[in-house]
Amino acid sequence: MKISIPFRNTYNTLPDVFFQKIEPTPVSDPQLLHFNSTLAQDLCISLLHDDGTAMNADLKPAGLSQDIASTLAAVFSGNTLPDGAEPLAMAYAGHQFGHFVPQLGDGRAILLGEVTDSAGRQRDIQLKGAGRTRFSRGGDGRAALGPVIREYIVSEAMHALGIPTTRALAMVRTGEPVYRETPLPGAIVTRVANAHIRVGTFEYFAARQNTDAIKSLADYVINRLYPHCREHPHPYRALLTEIMRAQANLVAGWMHVGFIHGVMNTDNCSVAGETIDYGPCAFMDHFDAARVFSSIDHQGRYAYKNQPLIARWNLENLGACLAPLLADTTEEAVDHIKASVEVYRSEFDAHWQRGFLRKIGLETTSPGPVLPLVHELLERMQKDRADFTNTFRFLGDDDENLTRFRTQFRPDEGIDAWIQAWKSAIKLEYGPENDLKQARAAMNAVNPAYIPRNHRVEEALTAALHGDMQPTQTLLDLLADPYRERHGYEVYMEPPKPEEVVHQTFCGT
Ligand code: AMP
Ligand code: MG
């Protein structure tokens with residue numbers, strides 16, 4: 001049997017300077033750890049008999065025969081190249097913690113190719129951890145099991161939360177160790193993206209003053225991701241503004257769920273507006289706007305509250321790369337960049353406000369009078385170290401006294417006054433007869449019960465290191481439907497006990 005992936009590759013039609021054509025390095029003993037059959041279906045992936053006829057096989061993880069599992073493991077470890085794959089490693093540069101590195105590139109990721117999915121969208125299929133490339137510098141081109149599972153769990157959770165993200169299609173163990181501080185089991189994650197083009201991809205060519213390449217790349221991005229920009233009198237100006245809008249939407253989404261990316265370098269900033277490169281990322285437990293998890297972020301550059309500003313900084317760099325395409329003079333180009341940044345700022349504010357108002361049950365189109373409710377709640381949450389996820393979730397409880405909600409705060413008149421003011425705002429919006437039912441349903445549809453809490457993710461990684469994938473499976477199941485509270489899974493809503501707290505997450509190398 002073989003796997004059919006209907007590749008329709010386009011990135012490899014760009015000039016040679018954009019990539020290195022290179023095949024994955026085979027691994028000794030690939031074992032399938034997980035396969036995302038729903039996503040596979042979206043990507044029109046299927047199984048064929050050796051004679052090319054379709055196999056009517058169930059690709060659900062539980063239903064995979066040994067034969068199918070090893071066929072999938074061979075493909076998603078890079079050992080077998082499926083028909084139509086034209087593997088390559090992409091070139092890019094990037095600002096890392098503010099410092100420009102002119103050459104990064106896919107040092108351990110290999111793009112197998114692209115498919116047109118069932119909705120007609122072009123999607124990249126990439127193996128991460130597939131071996132060395134021209135861009136590997138000192139690295140081994142591999143990934144360790146822990147970070148692979150973290151990326152798989154967290155990216156799928158983000159998708160279920162409705163936040164744009166790369167997806168995870170498969171993960172395999174390689175059967176080979178990777179050497180970090182200690183030897184660890186090696187693994188490969190198959191990542192799916194609307195495109196793996198980063199702000200750093202533009203920076204790569206800007207640093208080389210290769211305006212032709214910048215133009216080719218901009219045209220490619222317009223055709224693939226923002227085709228309506230072609231109709232605009234100035235397509236490149238429209239493109240910059242569209243990418244700004246997409247990032248504004250993305251980062252507002254992170255803020256609404258308490259997500260901290262951890263390494264918002266320009267090479268980890270996708271022009272498709274998707275969350276990409278899950279390294280030392282985490283969701284907050286108790287609310288702290290200054291929260292940082294990444295062990296390499298010593299100055300808190302990428303703290304929760306800094307994310308909107310850093311995204312803007314990244315986008316200003318993109319603007320500078322596009323400048324030669326925006327106008328004939330630098331002054332005029334700068335004006336266009338400033339105008340786009342203004343769009344970013346106002347779009348971000350609008351998304352941020354709309355999202356947080358929804359989280360407290362308000363859909364109003366005139367946020368002015370009720371916005372102080374959001375700010376006051378966040379201030380109280382910060383002061384009382386309230387759990388970010390549960391505070392919002394519990395506000396939607398069918399309970400006049402809001403008992404669970406109140407447990408998040410020190411019992412004082414402050415929170416009582418807030419609840420009274422909030423109830424008045426809800427009445428004003430839904431009408432005086434309303435018993436909060438509608439507002440509760442609306443809140444419970446946007447405030448998750450389950451997020452990939454760091455201590456649970458760590459627990460799953462540790463179990464997987466010992467060969468037990470059950471905790472990973474349980475998390476994947478809960479997080480696929482994060483708004484539905486399930487009996488028997490209450491502990492997955494709980495923040496960590498003092499001894500379970502994970503203070504730092506480590507870079508995903
Ligand atoms: P990241 O921290 O994953 O965003 O990666 C930053 C840069 O380092 C990218 O160019 C990666 O391809 C490269 N890189 C990270 N880990 C490795 C590795 N184990 N081997 C080779 N290159 C790597
Ligand atoms: Mg990266």
# chains A, B, ... in the order shown; residues from 1 in each chain; ligands from 1

$ residues_near_ligand --ligand "ligand 2" --cutoff "6 Å" --atoms "only C-alpha atoms and all ligand atoms" --output "list in words"
Asp267, Asn268 and Asp277 of chain A

$ write_last_selection --atoms "N, CA, C and O atoms" --output "short mmCIF file (atom, residue, chain, number, x, y, z; two decimals), in the first residue's frame"
data_model
loop_
_atom_site.label_atom_id
_atom_site.label_comp_id
_atom_site.auth_asym_id
_atom_site.auth_seq_id
_atom_site.Cartn_x
_atom_site.Cartn_y
_atom_site.Cartn_z
N ASP A 267 11.48 35.89 12.37
CA ASP A 267 11.47 34.61 11.64
C ASP A 267 10.35 33.69 12.12
O ASP A 267 10.05 32.69 11.48
N ASN A 268 9.75 34.03 13.25
CA ASN A 268 8.62 33.24 13.75
C ASN A 268 7.30 33.99 13.56
O ASN A 268 6.32 33.72 14.26
N ASP A 277 5.77 28.17 14.83
CA ASP A 277 6.98 27.89 15.60
C ASP A 277 6.71 27.87 17.10
O ASP A 277 7.12 28.76 17.84
#

$ closest_atom_pairs --of "chain A" --to "ligand 1" --cutoff "8 Å" --atoms "only C-alpha atoms and all ligand atoms" --output "JSON lines"
{"residue": "A:Tyr92", "atom": "CA", "partner": "ligand 1", "partner_atom_place_in_ligand_line": "10 (O)", "distance": 7.6}
{"residue": "A:Ala93", "atom": "CA", "partner": "ligand 1", "partner_atom_place_in_ligand_line": "10 (O)", "distance": 7.8}
{"residue": "A:Gln103", "atom": "CA", "partner": "ligand 1", "partner_atom_place_in_ligand_line": "10 (O)", "distance": 7.7}
{"residue": "A:Leu104", "atom": "CA", "partner": "ligand 1", "partner_atom_place_in_ligand_line": "10 (O)", "distance": 3.9}
{"residue": "A:Gly105", "atom": "CA", "partner": "ligand 1", "partner_atom_place_in_ligand_line": "10 (O)", "distance": 4.4}
{"residue": "A:Asp106", "atom": "CA", "partner": "ligand 1", "partner_atom_place_in_ligand_line": "12 (O)", "distance": 4.0}
{"residue": "A:Gly107", "atom": "CA", "partner": "ligand 1", "partner_atom_place_in_ligand_line": "12 (O)", "distance": 3.3}
{"residue": "A:Arg108", "atom": "CA", "partner": "ligand 1", "partner_atom_place_in_ligand_line": "21 (C)", "distance": 4.7}
{"residue": "A:Ala109", "atom": "CA", "partner": "ligand 1", "partner_atom_place_in_ligand_line": "12 (O)", "distance": 6.4}
{"residue": "A:Gly129", "atom": "CA", "partner": "ligand 1", "partner_atom_place_in_ligand_line": "19 (N)", "distance": 7.1}
{"residue": "A:Gly131", "atom": "CA", "partner": "ligand 1", "partner_atom_place_in_ligand_line": "20 (N)", "distance": 7.5}
{"residue": "A:Arg132", "atom": "CA", "partner": "ligand 1", "partner_atom_place_in_ligand_line": "21 (C)", "distance": 6.2}
{"residue": "A:Thr133", "atom": "CA", "partner": "ligand 1", "partner_atom_place_in_ligand_line": "21 (C)", "distance": 7.6}
{"residue": "A:Phe135", "atom": "CA", "partner": "ligand 1", "partner_atom_place_in_ligand_line": "10 (O)", "distance": 6.5}
{"residue": "A:Ser136", "atom": "CA", "partner": "ligand 1", "partner_atom_place_in_ligand_line": "21 (C)", "distance": 3.9}
{"residue": "A:Arg137", "atom": "CA", "partner": "ligand 1", "partner_atom_place_in_ligand_line": "22 (N)", "distance": 6.4}
{"residue": "A:Gly138", "atom": "CA", "partner": "ligand 1", "partner_atom_place_in_ligand_line": "21 (C)", "distance": 6.6}
{"residue": "A:Gly139", "atom": "CA", "partner": "ligand 1", "partner_atom_place_in_ligand_line": "20 (N)", "distance": 3.4}
{"residue": "A:Asp140", "atom": "CA", "partner": "ligand 1", "partner_atom_place_in_ligand_line": "20 (N)", "distance": 4.2}
{"residue": "A:Gly141", "atom": "CA", "partner": "ligand 1", "partner_atom_place_in_ligand_line": "20 (N)", "distance": 3.4}
{"residue": "A:Arg142", "atom": "CA", "partner": "ligand 1", "partner_atom_place_in_ligand_line": "19 (N)", "distance": 4.7}
{"residue": "A:Ala143", "atom": "CA", "partner": "ligand 1", "partner_atom_place_in_ligand_line": "19 (N)", "distance": 5.8}
{"residue": "A:Val263", "atom": "CA", "partner": "ligand 1", "partner_atom_place_in_ligand_line": "4 (O)", "distance": 7.4}
{"residue": "A:Asn265", "atom": "CA", "partner": "ligand 1", "partner_atom_place_in_ligand_line": "4 (O)", "distance": 7.8}
{"residue": "A:Asp267", "atom": "CA", "partner": "ligand 1", "partner_atom_place_in_ligand_line": "4 (O)", "distance": 6.8}
{"residue": "A:Asn268", "atom": "CA", "partner": "ligand 1", "partner_atom_place_in_ligand_line": "4 (O)", "distance": 5.9}
{"residue": "A:Asp277", "atom": "CA", "partner": "ligand 1", "partner_atom_place_in_ligand_line": "4 (O)", "distance": 5.7}
{"residue": "A:Tyr278", "atom": "CA", "partner": "ligand 1", "partner_atom_place_in_ligand_line": "3 (O)", "distance": 7.7}
{"residue": "A:Gly279", "atom": "CA", "partner": "ligand 1", "partner_atom_place_in_ligand_line": "3 (O)", "distance": 6.5}
{"residue": "A:Cys507", "atom": "CA", "partner": "ligand 1", "partner_atom_place_in_ligand_line": "2 (O)", "distance": 6.5}
{"residue": "A:Gly508", "atom": "CA", "partner": "ligand 1", "partner_atom_place_in_ligand_line": "3 (O)", "distance": 5.9}
{"residue": "A:Thr509", "atom": "CA", "partner": "ligand 1", "partner_atom_place_in_ligand_line": "16 (N)", "distance": 4.4}

$ write_last_selection --atoms "N, CA and C atoms" --output "CSV table (one decimal), in the first residue's frame"
chain,number,residue,atom,x,y,z
A,92,TYR,N,15.4,32.0,4.9
A,92,TYR,CA,14.9,33.2,5.6
A,92,TYR,C,16.0,33.7,6.5
A,93,ALA,N,15.7,35.0,6.9
A,93,ALA,CA,16.6,35.6,7.9
A,93,ALA,C,15.7,35.9,9.1
A,103,GLN,N,21.1,35.2,8.0
A,103,GLN,CA,20.8,33.8,7.4
A,103,GLN,C,20.3,32.9,8.5
A,104,LEU,N,19.0,32.5,8.5
A,104,LEU,CA,18.6,31.4,9.3
A,104,LEU,C,18.1,30.3,8.4
A,105,GLY,N,16.9,30.3,8.0
A,105,GLY,CA,16.4,29.3,7.1
A,105,GLY,C,16.0,28.0,7.8
A,106,ASP,N,15.4,27.1,7.0
A,106,ASP,CA,14.9,25.8,7.5
A,106,ASP,C,16.1,25.0,7.8
A,107,GLY,N,16.6,25.0,9.1
A,107,GLY,CA,17.7,24.2,9.5
A,107,GLY,C,17.4,22.8,9.8
A,108,ARG,N,16.1,22.5,10.0
A,108,ARG,CA,15.7,21.2,10.4
A,108,ARG,C,14.3,20.9,9.8
A,109,ALA,N,13.8,21.8,9.1
A,109,ALA,CA,12.4,21.6,8.5
A,109,ALA,C,12.6,21.4,7.0
A,129,GLY,N,12.2,18.5,11.8
A,129,GLY,CA,13.1,17.5,12.5
A,129,GLY,C,13.6,16.5,11.5
A,131,GLY,N,16.2,16.4,9.4
A,131,GLY,CA,17.6,16.3,9.0
A,131,GLY,C,18.2,17.6,8.6
A,132,ARG,N,19.6,17.5,8.5
A,132,ARG,CA,20.3,18.8,8.2
A,132,ARG,C,20.1,19.3,6.8
A,133,THR,N,20.2,20.6,6.7
A,133,THR,CA,20.1,21.3,5.4
A,133,THR,C,21.2,22.3,5.3
A,135,PHE,N,20.9,25.2,5.8
A,135,PHE,CA,20.7,26.3,6.8
A,135,PHE,C,20.9,25.8,8.2
A,136,SER,N,21.4,24.6,8.4
A,136,SER,CA,21.5,24.1,9.8
A,136,SER,C,22.5,24.7,10.7
A,137,ARG,N,23.4,25.5,10.2
A,137,ARG,CA,24.5,26.0,11.0
A,137,ARG,C,25.1,24.9,11.9
A,138,GLY,N,25.1,25.1,13.2
A,138,GLY,CA,25.7,24.1,14.0
A,138,GLY,C,24.7,23.0,14.4
A,139,GLY,N,23.5,23.1,14.0
A,139,GLY,CA,22.5,22.2,14.6
A,139,GLY,C,22.5,20.8,13.9
A,140,ASP,N,21.8,19.9,14.5
A,140,ASP,CA,21.7,18.5,14.0
A,140,ASP,C,20.6,18.2,13.1
A,141,GLY,N,19.7,19.3,12.9
A,141,GLY,CA,18.6,19.1,12.0
A,141,GLY,C,17.5,18.2,12.5
A,142,ARG,N,17.6,17.9,13.8
A,142,ARG,CA,16.6,17.0,14.4
A,142,ARG,C,15.8,17.8,15.5
A,143,ALA,N,14.7,17.1,16.0
A,143,ALA,CA,13.9,17.6,17.1
A,143,ALA,C,13.7,16.5,18.1
A,263,VAL,N,8.7,33.4,21.7
A,263,VAL,CA,9.8,33.8,20.8
A,263,VAL,C,9.3,34.5,19.6
A,265,ASN,N,10.3,36.4,17.4
A,265,ASN,CA,11.2,36.9,16.5
A,265,ASN,C,10.6,37.0,15.1
A,267,ASP,N,11.5,35.9,12.4
A,267,ASP,CA,11.5,34.6,11.6
A,267,ASP,C,10.3,33.7,12.1
A,268,ASN,N,9.7,34.0,13.3
A,268,ASN,CA,8.6,33.2,13.7
A,268,ASN,C,7.3,34.0,13.6
A,277,ASP,N,5.8,28.2,14.8
A,277,ASP,CA,7.0,27.9,15.6
A,277,ASP,C,6.7,27.9,17.1
A,278,TYR,N,6.0,26.8,17.5
A,278,TYR,CA,5.7,26.6,18.9
A,278,TYR,C,7.0,26.1,19.6
A,279,GLY,N,7.6,27.0,20.3
A,279,GLY,CA,8.8,26.7,21.1
A,279,GLY,C,8.4,26.7,22.6
A,507,CYS,N,13.4,26.3,25.0
A,507,CYS,CA,13.4,26.5,23.6
A,507,CYS,C,13.2,25.2,22.9
A,508,GLY,N,12.4,25.2,21.8
A,508,GLY,CA,12.1,23.9,21.2
A,508,GLY,C,13.1,23.3,20.3
A,509,THR,N,14.4,23.4,20.7
A,509,THR,CA,15.4,22.8,19.8
A,509,THR,C,15.8,21.4,20.1

$ select_by_dssp --residues "region 131-368 of chain A" --states "strand (DSSP E or B)" --output "compact mmCIF listing (two decimals) with N, CA, C and O atoms, in the first residue's frame"
# COMPACT_ATOMS: atom_id res chain seq x y z
N ALA A 143 14.72 17.09 15.98
CA ALA A 143 13.88 17.61 17.05
C ALA A 143 13.73 16.51 18.11
O ALA A 143 13.78 15.32 17.79
N ALA A 144 13.54 16.93 19.34
CA ALA A 144 13.35 15.97 20.44
C ALA A 144 11.86 15.71 20.64
O ALA A 144 11.01 16.54 20.29
N THR A 165 -3.55 29.22 13.13
CA THR A 165 -2.35 28.49 13.55
C THR A 165 -1.94 27.49 12.49
O THR A 165 -2.77 27.04 11.70
N ARG A 167 -1.05 23.67 11.68
CA ARG A 167 -1.69 22.47 12.22
C ARG A 167 -0.66 21.35 12.35
O ARG A 167 0.44 21.44 11.81
N ALA A 168 -1.05 20.30 13.05
CA ALA A 168 -0.18 19.14 13.20
C ALA A 168 -0.86 17.94 12.54
O ALA A 168 -1.99 17.60 12.90
N LEU A 169 -0.19 17.35 11.57
CA LEU A 169 -0.78 16.23 10.82
C LEU A 169 -0.33 14.88 11.36
O LEU A 169 -1.11 13.94 11.39
N ALA A 170 0.93 14.80 11.76
CA ALA A 170 1.43 13.51 12.23
C ALA A 170 2.64 13.73 13.12
O ALA A 170 3.30 14.77 13.04
N MET A 171 2.87 12.76 14.02
CA MET A 171 4.17 12.76 14.69
C MET A 171 4.70 11.34 14.77
O MET A 171 3.94 10.39 14.97
N VAL A 172 6.00 11.24 14.57
CA VAL A 172 6.66 9.93 14.62
C VAL A 172 7.87 10.01 15.54
O VAL A 172 8.50 11.06 15.67
N ARG A 173 8.17 8.91 16.17
CA ARG A 173 9.46 8.76 16.85
C ARG A 173 10.43 8.26 15.81
O ARG A 173 10.06 7.45 14.95
N THR A 174 11.67 8.72 15.89
CA THR A 174 12.64 8.33 14.85
C THR A 174 13.40 7.06 15.22
O THR A 174 14.02 6.44 14.36
N GLY A 175 13.40 6.70 16.51
CA GLY A 175 14.20 5.57 16.95
C GLY A 175 15.66 5.95 17.13
O GLY A 175 16.50 5.08 17.40
N GLU A 176 15.96 7.24 16.98
CA GLU A 176 17.35 7.70 17.15
C GLU A 176 17.38 8.74 18.27
O GLU A 176 16.45 9.54 18.39
N PRO A 177 18.45 8.77 19.04
CA PRO A 177 18.54 9.80 20.07
C PRO A 177 18.96 11.14 19.48
O PRO A 177 19.61 11.18 18.43
N VAL A 178 18.55 12.23 20.14
CA VAL A 178 19.15 13.52 19.83
C VAL A 178 19.86 13.96 21.11
O VAL A 178 19.43 13.62 22.21
N TYR A 179 20.94 14.70 20.94
CA TYR A 179 21.73 15.07 22.09
C TYR A 179 21.52 16.53 22.42
O TYR A 179 21.88 17.40 21.66
N PRO A 183 20.84 12.92 26.34
CA PRO A 183 20.26 12.27 25.17
C PRO A 183 18.74 12.17 25.33
O PRO A 183 18.25 11.86 26.42
N LEU A 184 18.02 12.47 24.28
CA LEU A 184 16.55 12.42 24.31
C LEU A 184 16.08 11.67 23.08
O LEU A 184 16.76 11.65 22.05
N PRO A 185 14.88 11.07 23.16
CA PRO A 185 14.37 10.41 21.95
C PRO A 185 14.07 11.44 20.87
O PRO A 185 13.53 12.51 21.15
N GLY A 186 14.42 11.12 19.64
CA GLY A 186 14.17 12.03 18.52
C GLY A 186 12.77 11.82 17.96
O GLY A 186 12.19 10.73 18.07
N ALA A 187 12.20 12.87 17.38
CA ALA A 187 10.86 12.77 16.80
C ALA A 187 10.74 13.79 15.66
O ALA A 187 11.56 14.70 15.53
N ILE A 188 9.73 13.60 14.86
CA ILE A 188 9.46 14.52 13.74
C ILE A 188 7.97 14.86 13.78
O ILE A 188 7.13 13.98 13.94
N VAL A 189 7.67 16.15 13.65
CA VAL A 189 6.26 16.55 13.56
C VAL A 189 6.00 17.02 12.13
O VAL A 189 6.84 17.70 11.53
N THR A 190 4.87 16.61 11.58
CA THR A 190 4.47 17.10 10.26
C THR A 190 3.55 18.28 10.46
O THR A 190 2.50 18.17 11.10
N ARG A 191 3.98 19.40 9.92
CA ARG A 191 3.28 20.66 10.16
C ARG A 191 2.61 21.10 8.87
O ARG A 191 3.17 20.96 7.79
N VAL A 192 1.41 21.64 9.01
CA VAL A 192 0.65 22.12 7.85
C VAL A 192 0.39 23.61 8.04
O VAL A 192 -0.04 24.03 9.11
N ALA A 193 0.70 24.39 7.01
CA ALA A 193 0.52 25.85 7.13
C ALA A 193 -0.10 26.39 5.85
O ALA A 193 0.05 25.79 4.78
N ARG A 198 7.68 33.90 6.19
CA ARG A 198 7.79 34.68 7.42
C ARG A 198 8.20 36.11 7.09
O ARG A 198 8.70 36.37 5.98
N PHE A 259 -2.45 33.40 25.95
CA PHE A 259 -1.35 32.66 25.32
C PHE A 259 -0.11 33.54 25.20
O PHE A 259 -0.20 34.70 24.82
N ILE A 260 1.02 32.94 25.53
CA ILE A 260 2.30 33.64 25.38
C ILE A 260 3.14 32.85 24.38
O ILE A 260 3.48 31.69 24.63
N SER A 270 4.55 34.81 10.85
CA SER A 270 4.09 34.34 9.54
C SER A 270 3.33 35.44 8.80
O SER A 270 2.46 36.09 9.39
N THR A 275 -0.27 31.46 13.90
CA THR A 275 0.69 31.18 14.96
C THR A 275 1.66 30.14 14.42
O THR A 275 1.23 29.11 13.89
N ALA A 282 3.38 29.07 26.15
CA ALA A 282 2.54 28.55 27.22
C ALA A 282 1.30 29.41 27.40
O ALA A 282 1.28 30.57 26.98
N PHE A 283 0.30 28.82 27.99
CA PHE A 283 -0.90 29.55 28.42
C PHE A 283 -0.70 29.91 29.89
O PHE A 283 -0.20 29.10 30.66
N HIS A 286 -2.60 31.77 36.47
CA HIS A 286 -3.11 33.02 37.07
C HIS A 286 -2.69 34.19 36.19
O HIS A 286 -1.66 34.15 35.52
N SER A 294 9.46 31.72 28.66
CA SER A 294 10.63 31.23 27.94
C SER A 294 11.91 31.37 28.76
O SER A 294 12.21 32.45 29.27

$ closest_residue --among "A:Asp51, A:Glu181, A:Asp29, A:Glu413" --to "Asn79 (chain A)" --atoms "only C-alpha atoms"
A:Asp29

$ residues_around --residues "region 344-349 of chain A" --least-positions-apart "6" --cutoff "10 Å" --atoms "only C-alpha atoms" --output "list in words"
Thr241, Glu242, Ile243, Met244, Arg245, Ala246, Gln247, Ala248, Asn249, Leu250, Val251, Ala252, Gly253, Pro308, Leu309, Ala311, Arg312, Leu315, Lys338 and Gly355 of chain A

$ residues_around --residues "Leu318 (chain A)" --least-positions-apart "5" --cutoff "10 Å" --atoms "only C-alpha atoms" --output "compact mmCIF listing (two decimals) with all heavy atoms, in the first residue's frame"
# COMPACT_ATOMS: atom_id res chain seq x y z
N ARG A 198 7.68 33.90 6.19
CA ARG A 198 7.79 34.68 7.42
C ARG A 198 8.20 36.11 7.09
O ARG A 198 8.70 36.37 5.98
CB ARG A 198 8.87 34.04 8.31
CG ARG A 198 8.61 32.56 8.57
CD ARG A 198 9.90 31.74 8.52
NE ARG A 198 9.61 30.30 8.53
CZ ARG A 198 9.47 29.57 9.62
NH1 ARG A 198 9.61 30.13 10.80
NH2 ARG A 198 9.18 28.29 9.55
N VAL A 199 8.05 37.02 8.05
CA VAL A 199 8.62 38.36 7.86
C VAL A 199 10.10 38.19 7.53
O VAL A 199 10.64 38.86 6.66
CB VAL A 199 8.41 39.22 9.13
CG1 VAL A 199 9.24 40.49 9.08
CG2 VAL A 199 6.93 39.55 9.29
N GLY A 200 10.73 37.22 8.19
CA GLY A 200 12.15 36.96 7.95
C GLY A 200 12.48 36.51 6.53
O GLY A 200 13.63 36.62 6.10
N THR A 201 11.50 35.97 5.81
CA THR A 201 11.76 35.59 4.41
C THR A 201 12.00 36.86 3.59
O THR A 201 12.91 36.93 2.76
CB THR A 201 10.58 34.78 3.84
OG1 THR A 201 10.14 33.84 4.83
CG2 THR A 201 10.99 34.03 2.57
N PHE A 202 11.19 37.88 3.86
CA PHE A 202 11.40 39.17 3.18
C PHE A 202 12.73 39.79 3.63
O PHE A 202 13.46 40.36 2.82
CB PHE A 202 10.23 40.12 3.48
CG PHE A 202 9.01 39.81 2.64
CD1 PHE A 202 8.01 38.97 3.12
CD2 PHE A 202 8.87 40.34 1.36
CE1 PHE A 202 6.89 38.67 2.34
CE2 PHE A 202 7.75 40.06 0.58
CZ PHE A 202 6.76 39.22 1.07
N GLU A 203 13.02 39.67 4.92
CA GLU A 203 14.26 40.27 5.44
C GLU A 203 15.50 39.64 4.81
O GLU A 203 16.52 40.30 4.64
CB GLU A 203 14.33 40.10 6.97
CG GLU A 203 13.32 40.97 7.71
CD GLU A 203 13.41 40.78 9.21
OE1 GLU A 203 13.30 39.63 9.68
OE2 GLU A 203 13.60 41.77 9.94
N ALA A 206 15.89 41.45 1.60
CA ALA A 206 16.17 42.88 1.84
C ALA A 206 17.62 43.06 2.26
O ALA A 206 18.30 43.98 1.81
CB ALA A 206 15.21 43.44 2.89
N LEU A 240 0.75 44.92 2.37
CA LEU A 240 1.29 45.26 3.69
C LEU A 240 0.15 45.46 4.69
O LEU A 240 0.18 44.94 5.80
CB LEU A 240 2.15 46.53 3.58
CG LEU A 240 2.78 47.00 4.89
CD1 LEU A 240 3.69 45.94 5.50
CD2 LEU A 240 3.56 48.31 4.69
N ILE A 243 -1.45 42.11 5.69
CA ILE A 243 -0.64 41.33 6.64
C ILE A 243 -0.74 41.97 8.03
O ILE A 243 -0.81 41.26 9.04
CB ILE A 243 0.83 41.23 6.15
CG1 ILE A 243 0.87 40.47 4.81
CG2 ILE A 243 1.70 40.53 7.18
CD1 ILE A 243 2.24 40.43 4.14
N MET A 244 -0.78 43.29 8.08
CA MET A 244 -0.94 43.99 9.37
C MET A 244 -2.27 43.57 10.03
O MET A 244 -2.32 43.27 11.22
CB MET A 244 -0.98 45.51 9.14
CG MET A 244 0.31 46.08 8.60
SD MET A 244 1.30 46.81 9.91
CE MET A 244 2.73 47.36 8.97
N THR A 266 11.21 37.88 14.23
CA THR A 266 10.58 38.09 12.92
C THR A 266 10.57 36.81 12.08
O THR A 266 9.75 36.65 11.19
CB THR A 266 11.28 39.20 12.11
OG1 THR A 266 12.67 38.90 12.04
CG2 THR A 266 11.07 40.57 12.74
N VAL A 271 3.61 35.61 7.52
CA VAL A 271 2.85 36.60 6.76
C VAL A 271 1.43 36.10 6.46
O VAL A 271 0.58 36.86 6.03
CB VAL A 271 3.56 37.02 5.44
CG1 VAL A 271 4.92 37.63 5.74
CG2 VAL A 271 3.66 35.88 4.47
N ARG A 312 3.90 44.62 16.24
CA ARG A 312 3.99 45.86 15.47
C ARG A 312 5.42 46.13 15.03
O ARG A 312 5.68 46.50 13.89
CB ARG A 312 3.48 47.02 16.34
CG ARG A 312 3.02 48.19 15.53
CD ARG A 312 2.53 49.29 16.43
NE ARG A 312 3.60 50.26 16.61
CZ ARG A 312 3.52 51.27 17.47
NH1 ARG A 312 2.45 51.41 18.23
NH2 ARG A 312 4.50 52.11 17.56
N TRP A 313 6.33 45.92 15.93
CA TRP A 313 7.76 46.12 15.61
C TRP A 313 8.16 45.18 14.47
O TRP A 313 8.84 45.59 13.52
CB TRP A 313 8.60 45.83 16.87
CG TRP A 313 10.04 46.19 16.75
CD1 TRP A 313 10.60 47.40 17.03
CD2 TRP A 313 11.11 45.33 16.33
NE1 TRP A 313 11.96 47.34 16.79
CE2 TRP A 313 12.30 46.09 16.38
CE3 TRP A 313 11.20 44.00 15.92
CZ2 TRP A 313 13.56 45.57 16.03
CZ3 TRP A 313 12.43 43.47 15.56
CH2 TRP A 313 13.61 44.25 15.62
N ALA A 323 9.53 48.51 1.29
CA ALA A 323 9.59 49.93 0.92
C ALA A 323 9.84 50.18 -0.57
O ALA A 323 9.14 50.98 -1.19
CB ALA A 323 10.62 50.65 1.78
N ILE A 337 3.96 53.07 5.15
CA ILE A 337 4.19 52.13 6.26
C ILE A 337 3.47 52.66 7.51
O ILE A 337 2.78 51.90 8.20
CB ILE A 337 5.71 51.95 6.52
CG1 ILE A 337 6.36 51.31 5.29
CG2 ILE A 337 5.95 51.10 7.76
CD1 ILE A 337 7.87 51.33 5.30

$ residues_around --residues "Thr71 (chain A)" --least-positions-apart "6" --cutoff "8 Å" --atoms "only C-alpha atoms" --output "list of chain:residue names"
A:Met1, A:Lys2, A:Ile3

$ write_last_selection --atoms "all heavy atoms" --output "CSV table (one decimal), in the first residue's frame"
chain,number,residue,atom,x,y,z
A,1,MET,N,0.8,-1.2,0.0
A,1,MET,CA,0.0,0.0,0.0
A,1,MET,C,0.9,1.2,0.0
A,1,MET,O,2.0,1.2,0.4
A,1,MET,CB,-0.9,-0.1,1.2
A,1,MET,CG,-0.5,0.9,2.3
A,1,MET,SD,-1.4,0.6,3.9
A,1,MET,CE,-1.2,-1.1,4.3
A,2,LYS,N,0.3,2.4,-0.5
A,2,LYS,CA,1.0,3.6,-0.4
A,2,LYS,C,0.1,4.8,-0.1
A,2,LYS,O,-1.1,4.6,-0.2
A,2,LYS,CB,1.8,3.9,-1.6
A,2,LYS,CG,1.0,3.9,-2.9
A,2,LYS,CD,1.9,4.1,-4.1
A,2,LYS,CE,1.1,4.2,-5.3
A,2,LYS,NZ,1.9,4.4,-6.5
A,3,ILE,N,0.7,5.9,0.3
A,3,ILE,CA,-0.2,7.0,0.7
A,3,ILE,C,-0.2,8.0,-0.5
A,3,ILE,O,0.8,8.2,-1.1
A,3,ILE,CB,0.4,7.6,2.0
A,3,ILE,CG1,-0.4,8.8,2.4
A,3,ILE,CG2,1.8,8.0,1.9
A,3,ILE,CD1,-0.2,9.2,3.8

$ select_by_dssp --residues "region 64-288 of chain A" --states "helix (DSSP H, G or I)" --output "JSON, numbers by chain"
{"A": [66, 67, 68, 69, 70, 71, 72, 73, 74, 75, 76, 145, 146, 147, 148, 149, 150, 151, 152, 153, 154, 155, 156, 157, 158, 159, 160, 199, 200, 201, 202, 203, 204, 205, 206, 207, 211, 212, 213, 214, 215, 216, 217, 218, 219, 220, 221, 222, 223, 224, 225, 227, 228, 229, 230, 231, 235, 236, 237, 238, 239, 240, 241, 242, 243, 244, 245, 246, 247, 248, 249, 250, 251, 252, 253, 254, 255, 256, 257, 266, 267, 268]}
